[in-house]
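Comments concern the structure below.
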Amino acid sequence: MATDPKDYILGTSDEEIQRLGYQHQVWSDSVLPLWKKAGFNVGQEILDLGCGPGFASRDLANLVGPKGKIFAVDASEKFIHFLNQQLKTSAIKNISTQVSDVHALDLPSNRVDGVFARWVMCFVKNPEKVISEAVRVLRPGGSLVIMDYFNYLSVNIFPNRESFTKLFRAYHESLLDHGGTYDIGQFLPQMICENTMEIVSLQPISRIARPGTKIWKWLILFTESHMPKLIEEGYMSRSDRETFLRDWRKASNDPGAFFYPPPIIGIVARKPSP
Ligand SMILES: C[S@@+](CC[C@H](N)C(=O)[O-])C[C@H]1O[C@@H](n2cnc3c(N)ncnc32)[C@H](O)[C@@H]1O
């Protein structure tokens with residue numbers, strides 16, 4: 001069904017598209033080893049589940065080459081429209097886009113060689129159902145790769161600032177109230193095993209961000225674009241925002257400061273052959 005997910009908490013604005021593009025650049029070197037471990041390769045068909053504006057879909061399309069195919073599926077008409085526009089002027093011709101809810105995929109069973117889901121499972125209302133759909137469309141022997149948050153509240157800045165703790169608590173609570181969780185990575189391995197998949201590897205993806213680095217900028221892009229909604233919905237006040245921004249400016253000028261971003265779990269699992 002074609003929808004723009006009004007309950008997708010981060011929204012689908014042009015600013016969010018830009019932010020997702022920047023986020024893709026910052027984290028893409030963590031994705032490649034997972035794709036390699038999963039055996040994603042030339043000639044394969046891979047589903048990018050909850051592809052957003054399709055930044056990873058395009059990398060996957062280059063990876064599988066012209067004989068392979070990418071199914072790029074997202075609930076947001078706006079994100080899929082953006083991707084379609086990009087593809088019009090691109091040499092990439094092997095992406096098939098679809099506006100669809102990932103709880104009910106419009107793809108045949110046992111079809112694709114791989115499924116990739118990055119920063120999607122934390123937002124969905126029924127992650128068990130989404131995992132079972134991903135497993136259904138995978139062919140036996142195919143691989144599922146997931147990258148998502150876990151242990152979200154271990155995020156911190158050093159020297160420690162209360163304004164950071166407050167802000168990330170607000171993000172955490174607001175997503176819980178919207179039916180998702182930034183701790184989803186804690187539960188996914190169990191859900192995957194319950195769908196008769198074999199876990200190939202689980203690995204933490206964590207970084208340290210220092211002032212002036214790309215990942216430092218990624219954090220402020222995220223916080224600046226999403227704080228207004230947190231204020232509007234009562235998860236934080238305007239003065240919390242001012243304190244956070246003041247502390248952020250101080251930390252940005254402190255060469256000894258560092259930020260520990262929310263850790264991510266990288267999961268590779270395989271659908272057993274009969
Ligand atoms: C943070 S974005 C990640 C996009 C992309 N996977 C990436 O790594 O850049 C989360 C995406 O999940 C999509 N999404 C959330 N719930 C969905 C659902 N039930 N069905 C399809 N897409 C969904 C949103 O529309 C959004 O594009």
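Each chain in the structure tokens gets a letter, A, B, ..., in the order shown, and its residues are numbered from 1; ligands are numbered from 1 in order too.
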Q. Counting only C-alpha atoms and all ligand atoms, which protein, DNA or RNA residues come within 8 Å of ligand 1, given as a PyMOL selection string?
A. chain A and resi 4-5+8+10-12+20-21+23-24+48-56+73-76+79+99-103+117-121+123-125
Q. If we count only C-alpha atoms, what is near Pro189 in chain A at a cut-off of 10 Å, once residues fewer than 5 positions away on the same chain are taken out, given as a ChimeraX atom specification?
A. /A:146,184,194,197-199,201-202,265,267-269
Sorted by chain and rising residue number, which residues of range 15-55 of chain A lie within 9 Å of range 203-214 of chain A, and what are their closest atom pairs and distances in Å to one decimal, counting only C-alpha atoms, as a tab-separated table?
residue	atom	partner	partner_atom	distance
A:Tyr22	CA	A:Lys214	CA	8.8
A:Gln25	CA	A:Lys214	CA	8.9
A:Val26	CA	A:Lys214	CA	6.5
A:Ser30	CA	A:Ile205	CA	7.2
Those selected residues, please, written with N, CA, C and O atoms and delivered as a compact mmCIF listing (two decimals), in the first residue's frame.
# COMPACT_ATOMS: atom_id res chain seq x y z
N TYR A 22 24.31 11.86 4.46
CA TYR A 22 25.54 12.10 5.23
C TYR A 22 25.82 10.91 6.15
O TYR A 22 26.94 10.42 6.25
N GLN A 25 27.39 8.08 4.35
CA GLN A 25 28.84 8.27 4.13
C GLN A 25 29.63 7.93 5.39
O GLN A 25 30.67 7.29 5.33
N VAL A 26 29.11 8.38 6.54
CA VAL A 26 29.85 8.22 7.80
C VAL A 26 29.98 6.74 8.18
O VAL A 26 31.02 6.31 8.68
N SER A 30 31.49 0.49 7.70
CA SER A 30 31.10 -0.59 8.61
C SER A 30 30.19 -1.60 7.92
O SER A 30 29.99 -2.72 8.40
(Q) Please extract the residues of range 203-273 of chain A with a backbone DSSP assignment of strand (DSSP E or B) and present them as a ChimeraX atom specification. (A) /A:203-205,209,258-260,264-270
Within 10 Å of range 31-37 of chain A: each range 120-177 of chain A residue with its shortest pair, only C-alpha atoms, as CSV:
residue,atom,partner,partner_atom,distance
A:Ser143,CA,A:Trp35,CA,9.2
A:Leu144,CA,A:Trp35,CA,9.3
A:Val145,CA,A:Leu34,CA,6.9
A:Ile146,CA,A:Leu34,CA,8.6
A:Met147,CA,A:Val31,CA,8.0
Give me the residues within 9 Å of Arg111 in chain A as a PDB file with all heavy atoms, in the first residue's frame, counting only C-alpha atoms and dropping any in the same chain fewer than 6 places off.
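Okay, selection_17.pdb is ready:
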ATOM      1  N   GLU A  45      20.446 -11.205  -6.393  1.00  0.00           N
ATOM      2  CA  GLU A  45      19.286 -10.338  -6.170  1.00  0.00           C
ATOM      3  C   GLU A  45      19.193 -10.064  -4.670  1.00  0.00           C
ATOM      4  O   GLU A  45      19.172 -11.012  -3.873  1.00  0.00           O
ATOM      5  CB  GLU A  45      18.002 -11.020  -6.638  1.00  0.00           C
ATOM      6  CG  GLU A  45      17.957 -11.183  -8.149  1.00  0.00           C
ATOM      7  CD  GLU A  45      16.580 -11.582  -8.648  1.00  0.00           C
ATOM      8  OE1 GLU A  45      15.760 -12.097  -7.853  1.00  0.00           O
ATOM      9  OE2 GLU A  45      16.337 -11.377  -9.845  1.00  0.00           O
ATOM     10  N   ARG A 136      11.009 -15.236   4.783  1.00  0.00           N
ATOM     11  CA  ARG A 136      10.155 -15.844   3.748  1.00  0.00           C
ATOM     12  C   ARG A 136      10.684 -15.561   2.342  1.00  0.00           C
ATOM     13  O   ARG A 136      10.752 -16.455   1.505  1.00  0.00           O
ATOM     14  CB  ARG A 136       8.720 -15.282   3.885  1.00  0.00           C
ATOM     15  CG  ARG A 136       7.752 -15.809   2.840  1.00  0.00           C
ATOM     16  CD  ARG A 136       6.357 -15.199   2.956  1.00  0.00           C
ATOM     17  NE  ARG A 136       6.292 -13.778   2.617  1.00  0.00           N
ATOM     18  CZ  ARG A 136       6.347 -13.272   1.383  1.00  0.00           C
ATOM     19  NH1 ARG A 136       6.496 -14.078   0.343  1.00  0.00           N
ATOM     20  NH2 ARG A 136       6.270 -11.964   1.181  1.00  0.00           N
ATOM     21  N   VAL A 137      11.106 -14.309   2.091  1.00  0.00           N
ATOM     22  CA  VAL A 137      11.511 -13.971   0.718  1.00  0.00           C
ATOM     23  C   VAL A 137      12.931 -14.436   0.386  1.00  0.00           C
ATOM     24  O   VAL A 137      13.314 -14.493  -0.780  1.00  0.00           O
ATOM     25  CB  VAL A 137      11.353 -12.455   0.407  1.00  0.00           C
ATOM     26  CG1 VAL A 137       9.915 -12.018   0.612  1.00  0.00           C
ATOM     27  CG2 VAL A 137      12.302 -11.591   1.213  1.00  0.00           C
ATOM     28  N   LEU A 138      13.695 -14.800   1.422  1.00  0.00           N
ATOM     29  CA  LEU A 138      15.069 -15.281   1.181  1.00  0.00           C
ATOM     30  C   LEU A 138      15.033 -16.690   0.614  1.00  0.00           C
ATOM     31  O   LEU A 138      14.286 -17.542   1.104  1.00  0.00           O
ATOM     32  CB  LEU A 138      15.824 -15.357   2.510  1.00  0.00           C
ATOM     33  CG  LEU A 138      16.738 -14.238   2.946  1.00  0.00           C
ATOM     34  CD1 LEU A 138      17.372 -14.606   4.283  1.00  0.00           C
ATOM     35  CD2 LEU A 138      17.811 -13.924   1.903  1.00  0.00           C
ATOM     36  N   ARG A 139      15.897 -16.971  -0.351  1.00  0.00           N
ATOM     37  CA  ARG A 139      16.008 -18.365  -0.822  1.00  0.00           C
ATOM     38  C   ARG A 139      16.820 -19.154   0.199  1.00  0.00           C
ATOM     39  O   ARG A 139      17.625 -18.549   0.946  1.00  0.00           O
ATOM     40  CB  ARG A 139      16.669 -18.405  -2.198  1.00  0.00           C
ATOM     41  CG  ARG A 139      18.134 -17.982  -2.169  1.00  0.00           C
ATOM     42  CD  ARG A 139      18.927 -18.481  -3.352  1.00  0.00           C
ATOM     43  NE  ARG A 139      20.263 -17.892  -3.375  1.00  0.00           N
ATOM     44  CZ  ARG A 139      21.305 -18.306  -2.669  1.00  0.00           C
ATOM     45  NH1 ARG A 139      21.183 -19.316  -1.813  1.00  0.00           N
ATOM     46  NH2 ARG A 139      22.484 -17.701  -2.772  1.00  0.00           N
TER      47      ARG A 139
END
Q: Would you mind telling me which residue in A:Thr181, A:Ser225, A:Ser57, A:Ser90 lies nearest to Asn126 in chain A when using only C-alpha atoms?
A: A:Thr181
Q: Check the DSSP output for the backbone and give back, as a ChimeraX atom specification, the residues of range 105-239 of chain A in alpha helix (DSSP H).
A: /A:127-137,162-177,188-194,214-232,238-239
Q | Contact residues around Arg241 in chain A with only C-alpha atoms at 10 Å, ignoring same-chain residues under 2 positions, as number ranges by chain | A | A: 163-164, 166-167, 223-224, 227-228, 230-231, 236-239, 243-247
Q.
As an exercise, work out the distance from CA of Asn62 in chain A to CA of Ser132 in chain A in Å and give it to one decimal place.
A. 27.4 Å
